[in-house]
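Written below as C-alpha cells is the structure these notes are about.
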Amino acid sequence: MENAPKSFEEAMKRLEEIAGLLEDGEAELAQSLALYKEGAGLAAWCTEQLANARQEVAVHAAQSTAGLQSE
Amino acid sequence: MEVLSVSQVNHYIKSLMDRDTLLSDITVTGEISNFKRHSSGHYYFSVKDAGAAISAAMFKWANRSLRFMPENGMRVLVKGRISVYEPSGQYQIIVSAMEPDGVGALYEQYEKMRRELEQKGYFDPSRKKPLPPFPRRIGVITSPTGAAVRDIVTVLGRRFPLAKVELYPSSVQGEAAPAELAAAVEAVNREGLCDVIILGRGGGSIEDLWAFNSREVVRAVIRSRLPIISAVGHETDFTLCDFVADMRAPTPSAAAELAVPDSAGVRNYLRHFEAKSYAALTRKIQLNEARLAAVKNLPAMRHPMVFTENKARQLDELVTRMNTAMNQTISDCDTRLRETASRLAALNPLAVLGRGYAVAYRQNVPVRSVTEMGEGDVISLRLADGTADCTVNRITREGVKENGKCSQEL
C-alpha cells in the first residue's frame, strides 16, 4: 500500500468512511473504484494485523502459562 | 607689688586657660609615649612629636568608647581640652576622644563610599544571589600563607568533604592588594570551575582590612556572577566588601561553615528521605499489585481472543458493506448505460435510413439545402446499406421561382 495506516483503529475508521461513501452512491464510477481499491487494500492490511495480534496473544498466553507453572 | 600664693597663681593660670576657646576644644596629632593604664581605669600618657611633648589624661568614662587599645609609638589624633592640674602646676590635655591618625581621613572616605553604594541599591537584599545548597567547588580568595586558608580548608574537610577547594592566592593588605583581590574575583568567574566564592582574610587592624573597602574590590564583588561570601575577620567593623557581598561571615571559618551544608545533617536528611521513599514505593507496589490482579480477572484478559474476534467481525461487516455497495454502484452504472444506449439508439439519425431516406454529404459535411451545392458538384448519398457518389446535374429549388442568386438577395 502507498500509505500504510498508522494504526488498526485508523484503518478501520477509514474503511468505515469508504463503505459509507460507496453506499451513498454519490461518487463517480472512477472515484468509487479508487475508493474500493483503497478499501480492499485496507481490509487486507487489517486482516493481517488481526492475524498477527491473534498469534501474539497465543504466544504470550502460552508463555504466561509456562511462567506461572514454573513459579 | 602684690604677692600671690602658689595656689593663687596656679588657680589664675587655670582660669585663664579654661576661658580660652581654642584650648577648650582642641585636636592634637602626635605619638603616644609613656602610656599607663591605672588600676582606676584611667589612662595617663604623653603625646609627643619630634620636638615636644604634652601630658595627657583620658578618664575611664571617655576611654570606654575607644575602638582600639592605645600603645606606645602609635600615631593618634587626640581631641580634648587643655587644663591645668593645680596641685602640680602642670598643664595637660584631658582627652575626650582619640583615634589612630590617618584612619580619620580614610573613615570619611569609607563613609562617603558606603552611602553612595547604599543609594545605588547595592546593599539591597534582593540583589543577593542565593548560595548553592551543595557546592562542588569553592573558590577561596585569600593570602596563601595566612591562617584564613588553613581554617577554611579544615572546616570544609570536616563538614562537607565532597566540596573541593580552589585557592586563588592574593595579597590581602598593602598597595597591591585591591587590584590583586579584584583580579582574583574576575578570574574565578572567568574560569567557571567554582560555584561559590569565599573572599577574605584573618583578623587585623582597620588599616589591614582596608583593601576590602577599595573601589576595585567592591566593583569586582558587585560584578561577580558567582555568589560571594565575604569573610573579613573582624567581628565589629564591616568592610564595604561585607555589605556588597551576597553573604557576610565574621571569620573565614564561619564563611566555610556558611558555604557548605553539614554532612552529618545531610546524611540524616538522606536517611529520613530513604525511609520515606521506601514506604512510599512499597505502598505504590502493593496498590499496583492489587490493580493488576483486578485487571487479570477482566473478561478481556481471561479471553484475549474475544477482542480480535470482535474486530474481525467488524472488519468482515465492513468488507461486506463495501462489496455490496460497490456491486450496487457497478450495476447502477450498467443499468444507466443500457438505458442511455437504447435512448441513444432511438435518436440515431441514421436509423431512419432503414425507412428509405438518404443523407447527402458534400465534402463529408451533411447538406441541408440545395443552396449549399452547385451544378457539377460531387456529392455522396448515404443509404441504409451503403454510399453512392453522385454528380449534381441540375438544381431546382422548391417554393422559389427565381434561381439561387435571387434567393441569396432575399
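Going through the C-alpha cells in order, the chains are called A, B, and so on, while each chain numbers its residues from 1 and the ligands are numbered from 1 in the order shown.
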For Tyr122 (chain B), please output as a ChimeraX atom specification all residues within 12 Å (counting only C-alpha atoms; exclusion window: fewer than 3 positions along the same chain). /B:113-119,125-129,218-219,221-223,240-246
What's around region 332-335 of chain B at 12 Å? Count only C-alpha atoms, leave out sequence neighbours fewer than 3 positions away in its own chain, and write the answer as a PDB file with C-alpha atoms, in the first residue's frame.
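So result21.pdb came out as:
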```
ATOM      1  CA  GLU A  23     -23.193   3.290  -0.010  1.00  0.00           C
ATOM      2  CA  GLY A  25     -23.682   6.205  -4.360  1.00  0.00           C
ATOM      3  CA  GLU A  26     -22.863   9.864  -4.953  1.00  0.00           C
ATOM      4  CA  ALA A  27     -19.340   9.273  -6.175  1.00  0.00           C
ATOM      5  CA  GLU A  28     -18.433   8.871  -9.846  1.00  0.00           C
ATOM      6  CA  LEU A  29     -17.544   5.403 -11.060  1.00  0.00           C
ATOM      7  CA  ALA A  30     -13.808   6.030 -11.322  1.00  0.00           C
ATOM      8  CA  SER A  32     -15.886   4.692  -6.496  1.00  0.00           C
ATOM      9  CA  LEU A  33     -13.431   2.256  -7.968  1.00  0.00           C
TER      10      LEU A  33
ATOM     11  CA  THR B 324     -22.382  -4.738  -1.708  1.00  0.00           C
ATOM     12  CA  ALA B 325     -22.114  -1.011  -2.258  1.00  0.00           C
ATOM     13  CA  MET B 326     -19.519  -1.401  -4.980  1.00  0.00           C
ATOM     14  CA  ASN B 327     -21.599  -4.055  -6.764  1.00  0.00           C
ATOM     15  CA  GLN B 328     -24.596  -1.798  -6.457  1.00  0.00           C
ATOM     16  CA  THR B 329     -22.647   1.089  -7.976  1.00  0.00           C
ATOM     17  CA  ARG B 338     -28.218   0.301 -21.081  1.00  0.00           C
ATOM     18  CA  GLU B 339     -30.967   2.896 -20.736  1.00  0.00           C
ATOM     19  CA  THR B 340     -28.846   5.567 -22.244  1.00  0.00           C
ATOM     20  CA  ALA B 341     -27.724   3.298 -25.039  1.00  0.00           C
ATOM     21  CA  SER B 342     -31.290   2.497 -26.056  1.00  0.00           C
TER      22      SER B 342
END
```
Which chain B residues are at most 8 Å from chain A (counting only C-alpha atoms), as a list in words?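 Interface list for chain B against chain A: Pro304, Met305, Thr308, Lys311, Ala312, Leu315, Leu318, Val319, Arg321, Met322, Ala325, Met326, Thr329, Ile330 and Cys333 of chain B.
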Using DSSP on the backbone coordinates, identify the residues of chain A assigned to alpha helix (DSSP H); present them as a compact mmCIF listing (two decimals) with N, CA, C and O atoms, in the first residue's frame.
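As a result, out04.txt now contains:
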```txt
# COMPACT_ATOMS: atom_id res chain seq x y z
N PHE A 8 -4.38 0.18 13.43
CA PHE A 8 -5.55 -0.62 13.06
C PHE A 8 -6.82 0.22 13.16
O PHE A 8 -7.66 0.22 12.27
N GLU A 9 -6.89 1.01 14.28
CA GLU A 9 -8.10 1.81 14.51
C GLU A 9 -8.29 2.83 13.40
O GLU A 9 -9.39 3.06 12.92
N GLU A 10 -7.17 3.42 12.98
CA GLU A 10 -7.25 4.44 11.93
C GLU A 10 -7.73 3.79 10.63
O GLU A 10 -8.57 4.33 9.91
N ALA A 11 -7.19 2.60 10.34
CA ALA A 11 -7.55 1.90 9.12
C ALA A 11 -9.04 1.55 9.14
O ALA A 11 -9.76 1.73 8.15
N MET A 12 -9.51 1.09 10.30
CA MET A 12 -10.92 0.73 10.43
C MET A 12 -11.81 1.96 10.23
O MET A 12 -12.87 1.88 9.61
N LYS A 13 -11.34 3.08 10.76
CA LYS A 13 -12.11 4.32 10.65
C LYS A 13 -12.27 4.70 9.17
O LYS A 13 -13.34 5.06 8.71
N ARG A 14 -11.14 4.56 8.45
CA ARG A 14 -11.14 4.92 7.03
C ARG A 14 -12.03 3.96 6.23
O ARG A 14 -12.77 4.37 5.35
N LEU A 15 -11.96 2.68 6.60
CA LEU A 15 -12.79 1.68 5.94
C LEU A 15 -14.27 2.02 6.11
O LEU A 15 -15.06 1.94 5.16
N GLU A 16 -14.61 2.39 7.34
CA GLU A 16 -15.97 2.79 7.68
C GLU A 16 -16.42 3.92 6.75
O GLU A 16 -17.51 3.89 6.18
N GLU A 17 -15.51 4.89 6.62
CA GLU A 17 -15.77 6.07 5.82
C GLU A 17 -16.01 5.65 4.35
O GLU A 17 -16.96 6.09 3.70
N ILE A 18 -15.11 4.76 3.86
CA ILE A 18 -15.18 4.33 2.46
C ILE A 18 -16.50 3.59 2.21
O ILE A 18 -17.20 3.86 1.22
N ALA A 19 -16.88 2.68 3.14
CA ALA A 19 -18.14 1.94 2.98
C ALA A 19 -19.29 2.93 2.89
O ALA A 19 -20.18 2.79 2.04
N GLY A 20 -19.26 3.94 3.79
CA GLY A 20 -20.32 4.95 3.79
C GLY A 20 -20.40 5.68 2.46
O GLY A 20 -21.47 5.86 1.88
N LEU A 21 -19.22 6.10 1.95
CA LEU A 21 -19.17 6.86 0.69
C LEU A 21 -19.70 6.00 -0.46
O LEU A 21 -20.45 6.48 -1.32
N LEU A 22 -19.29 4.73 -0.47
CA LEU A 22 -19.74 3.83 -1.54
C LEU A 22 -21.25 3.62 -1.46
O LEU A 22 -21.94 3.59 -2.48
N GLU A 23 -21.75 3.50 -0.20
CA GLU A 23 -23.19 3.29 -0.01
C GLU A 23 -24.00 4.51 -0.42
O GLU A 23 -25.11 4.37 -0.90
N ASP A 24 -23.46 5.67 -0.23
CA ASP A 24 -24.11 6.91 -0.65
C ASP A 24 -24.42 6.87 -2.14
O ASP A 24 -25.43 7.39 -2.59
N LEU A 29 -17.99 6.79 -10.97
CA LEU A 29 -17.54 5.40 -11.06
C LEU A 29 -16.05 5.28 -10.78
O LEU A 29 -15.62 4.48 -9.94
N ALA A 30 -15.27 6.11 -11.49
CA ALA A 30 -13.81 6.03 -11.32
C ALA A 30 -13.43 6.28 -9.87
O ALA A 30 -12.59 5.58 -9.30
N GLN A 31 -14.11 7.25 -9.27
CA GLN A 31 -13.83 7.59 -7.87
C GLN A 31 -14.23 6.42 -6.96
O GLN A 31 -13.51 6.05 -6.05
N SER A 32 -15.42 5.84 -7.28
CA SER A 32 -15.89 4.69 -6.50
C SER A 32 -14.88 3.56 -6.57
O SER A 32 -14.56 2.93 -5.57
N LEU A 33 -14.37 3.36 -7.77
CA LEU A 33 -13.43 2.26 -7.97
C LEU A 33 -12.16 2.50 -7.16
O LEU A 33 -11.63 1.59 -6.50
N ALA A 34 -11.69 3.76 -7.20
CA ALA A 34 -10.48 4.10 -6.45
C ALA A 34 -10.72 3.87 -4.96
O ALA A 34 -9.87 3.29 -4.26
N LEU A 35 -11.90 4.30 -4.49
CA LEU A 35 -12.25 4.11 -3.08
C LEU A 35 -12.28 2.62 -2.75
O LEU A 35 -11.77 2.18 -1.73
N TYR A 36 -12.88 1.86 -3.65
CA TYR A 36 -13.00 0.41 -3.41
C TYR A 36 -11.62 -0.23 -3.32
O TYR A 36 -11.35 -1.03 -2.42
N LYS A 37 -10.73 0.19 -4.25
CA LYS A 37 -9.39 -0.38 -4.23
C LYS A 37 -8.68 -0.06 -2.91
O LYS A 37 -8.06 -0.92 -2.28
N GLU A 38 -8.84 1.19 -2.50
CA GLU A 38 -8.24 1.61 -1.22
C GLU A 38 -8.80 0.76 -0.08
O GLU A 38 -8.06 0.24 0.76
N GLY A 39 -10.14 0.60 -0.11
CA GLY A 39 -10.82 -0.17 0.93
C GLY A 39 -10.35 -1.61 0.95
O GLY A 39 -10.06 -2.17 2.02
N ALA A 40 -10.20 -2.19 -0.21
CA ALA A 40 -9.78 -3.59 -0.28
C ALA A 40 -8.37 -3.73 0.30
O ALA A 40 -8.09 -4.66 1.06
N GLY A 41 -7.50 -2.76 -0.04
CA GLY A 41 -6.13 -2.78 0.49
C GLY A 41 -6.14 -2.69 2.01
O GLY A 41 -5.47 -3.47 2.71
N LEU A 42 -6.94 -1.74 2.52
CA LEU A 42 -7.03 -1.56 3.98
C LEU A 42 -7.56 -2.81 4.65
O LEU A 42 -7.07 -3.22 5.71
N ALA A 43 -8.55 -3.40 4.03
CA ALA A 43 -9.16 -4.61 4.63
C ALA A 43 -8.11 -5.72 4.72
O ALA A 43 -8.01 -6.40 5.74
N ALA A 44 -7.31 -5.86 3.63
CA ALA A 44 -6.27 -6.90 3.65
C ALA A 44 -5.26 -6.63 4.75
O ALA A 44 -4.87 -7.53 5.50
N TRP A 45 -4.88 -5.34 4.88
CA TRP A 45 -3.91 -4.96 5.91
C TRP A 45 -4.46 -5.26 7.30
O TRP A 45 -3.78 -5.83 8.15
N CYS A 46 -5.73 -4.87 7.53
CA CYS A 46 -6.37 -5.08 8.83
C CYS A 46 -6.43 -6.58 9.15
O CYS A 46 -6.19 -6.99 10.29
N THR A 47 -6.75 -7.37 8.14
CA THR A 47 -6.83 -8.81 8.35
C THR A 47 -5.48 -9.35 8.82
O THR A 47 -5.40 -10.13 9.79
N GLU A 48 -4.43 -8.84 8.17
CA GLU A 48 -3.08 -9.27 8.54
C GLU A 48 -2.76 -8.87 9.98
O GLU A 48 -2.24 -9.67 10.76
N GLN A 49 -3.10 -7.61 10.33
CA GLN A 49 -2.85 -7.13 11.70
C GLN A 49 -3.55 -8.03 12.72
O GLN A 49 -2.98 -8.40 13.73
N LEU A 50 -4.79 -8.34 12.40
CA LEU A 50 -5.56 -9.17 13.33
C LEU A 50 -4.93 -10.55 13.47
O LEU A 50 -4.83 -11.09 14.58
N ALA A 51 -4.48 -11.10 12.34
CA ALA A 51 -3.84 -12.42 12.38
C ALA A 51 -2.60 -12.36 13.25
O ALA A 51 -2.39 -13.22 14.12
N ASN A 52 -1.79 -11.29 13.07
CA ASN A 52 -0.58 -11.12 13.88
C ASN A 52 -0.93 -11.02 15.36
O ASN A 52 -0.30 -11.65 16.21
N ALA A 53 -1.96 -10.19 15.64
CA ALA A 53 -2.37 -9.98 17.03
C ALA A 53 -2.78 -11.30 17.66
O ALA A 53 -2.37 -11.62 18.78
N ARG A 54 -3.54 -12.03 16.91
CA ARG A 54 -4.03 -13.31 17.41
C ARG A 54 -2.86 -14.23 17.76
O ARG A 54 -2.81 -14.86 18.80
N GLN A 55 -1.88 -14.21 16.85
CA GLN A 55 -0.73 -15.09 17.05
C GLN A 55 0.05 -14.67 18.30
O GLN A 55 0.45 -15.49 19.11
N GLU A 56 0.24 -13.34 18.42
CA GLU A 56 0.98 -12.84 19.60
C GLU A 56 0.28 -13.20 20.88
O GLU A 56 0.91 -13.61 21.85
N VAL A 57 -1.02 -13.01 20.90
CA VAL A 57 -1.79 -13.34 22.11
C VAL A 57 -1.57 -14.81 22.45
O VAL A 57 -1.32 -15.17 23.60
N ALA A 58 -1.62 -15.64 21.43
CA ALA A 58 -1.45 -17.07 21.66
C ALA A 58 -0.07 -17.35 22.27
O ALA A 58 0.05 -18.09 23.25
N VAL A 59 0.98 -16.67 21.71
CA VAL A 59 2.34 -16.89 22.21
C VAL A 59 2.45 -16.44 23.66
O VAL A 59 2.94 -17.16 24.52
N HIS A 60 1.95 -15.24 23.94
CA HIS A 60 2.04 -14.71 25.31
C HIS A 60 1.26 -15.58 26.28
O HIS A 60 1.70 -15.83 27.40
N ALA A 61 0.10 -16.01 25.85
CA ALA A 61 -0.72 -16.85 26.72
C ALA A 61 0.05 -18.11 27.08
O ALA A 61 0.10 -18.51 28.24
N ALA A 62 0.70 -18.69 26.06
CA ALA A 62 1.48 -19.90 26.30
C ALA A 62 2.61 -19.61 27.28
O ALA A 62 2.84 -20.35 28.23
N GLN A 63 3.32 -18.45 27.05
CA GLN A 63 4.45 -18.10 27.93
C GLN A 63 4.00 -17.88 29.36
O GLN A 63 4.63 -18.36 30.30
N SER A 64 2.90 -17.10 29.53
CA SER A 64 2.49 -16.78 30.91
C SER A 64 2.01 -18.06 31.61
O SER A 64 2.23 -18.23 32.80
N THR A 65 1.43 -18.93 30.87
CA THR A 65 1.02 -20.20 31.48
C THR A 65 2.26 -20.96 31.94
O THR A 65 2.35 -21.42 33.08
N ALA A 66 3.28 -21.00 31.02
CA ALA A 66 4.53 -21.68 31.36
C ALA A 66 5.17 -21.02 32.58
O ALA A 66 5.62 -21.70 33.50
N GLY A 67 5.20 -19.63 32.59
CA GLY A 67 5.79 -18.87 33.71
C GLY A 67 5.11 -19.20 35.01
O GLY A 67 5.76 -19.46 36.02
N LEU A 68 3.78 -19.23 34.99
CA LEU A 68 3.04 -19.49 36.20
C LEU A 68 3.34 -20.90 36.72
O LEU A 68 3.47 -21.11 37.92
N GLN A 69 3.49 -21.80 35.77
CA GLN A 69 3.75 -23.18 36.19
C GLN A 69 5.14 -23.32 36.82
O GLN A 69 5.33 -24.04 37.77
N SER A 70 6.11 -22.56 36.25
CA SER A 70 7.49 -22.71 36.75
C SER A 70 7.68 -22.02 38.10
O SER A 70 8.63 -22.28 38.80
```
Rounded to one decimal, what separation in Å do you get between CA of Tyr361 (chain B) and CA of Asp377 (chain B)? 10.9 Å
Excluding Ile198 (chain B) and its own-chain neighbours fewer than 4 positions away, which residues fall within 8 Å of it when counting only C-alpha atoms? Please give them as a ChimeraX atom specification. /B:138-141,228-231,252,255-256,259
Best match for closeness to Ser380 (chain B) among B:Glu207, B:Thr396, B:Gln363, B:Glu186, counting only C-alpha atoms: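 Of B:Glu207, B:Thr396, B:Gln363, B:Glu186, the one nearest Ser380 (chain B), counting only C-alpha atoms, is B:Gln363.
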Could you work out how far CA of Lys112 (chain B) lies from CA of Gly30 (chain B), giving the answer in Å with one decimal? 26.2 Å
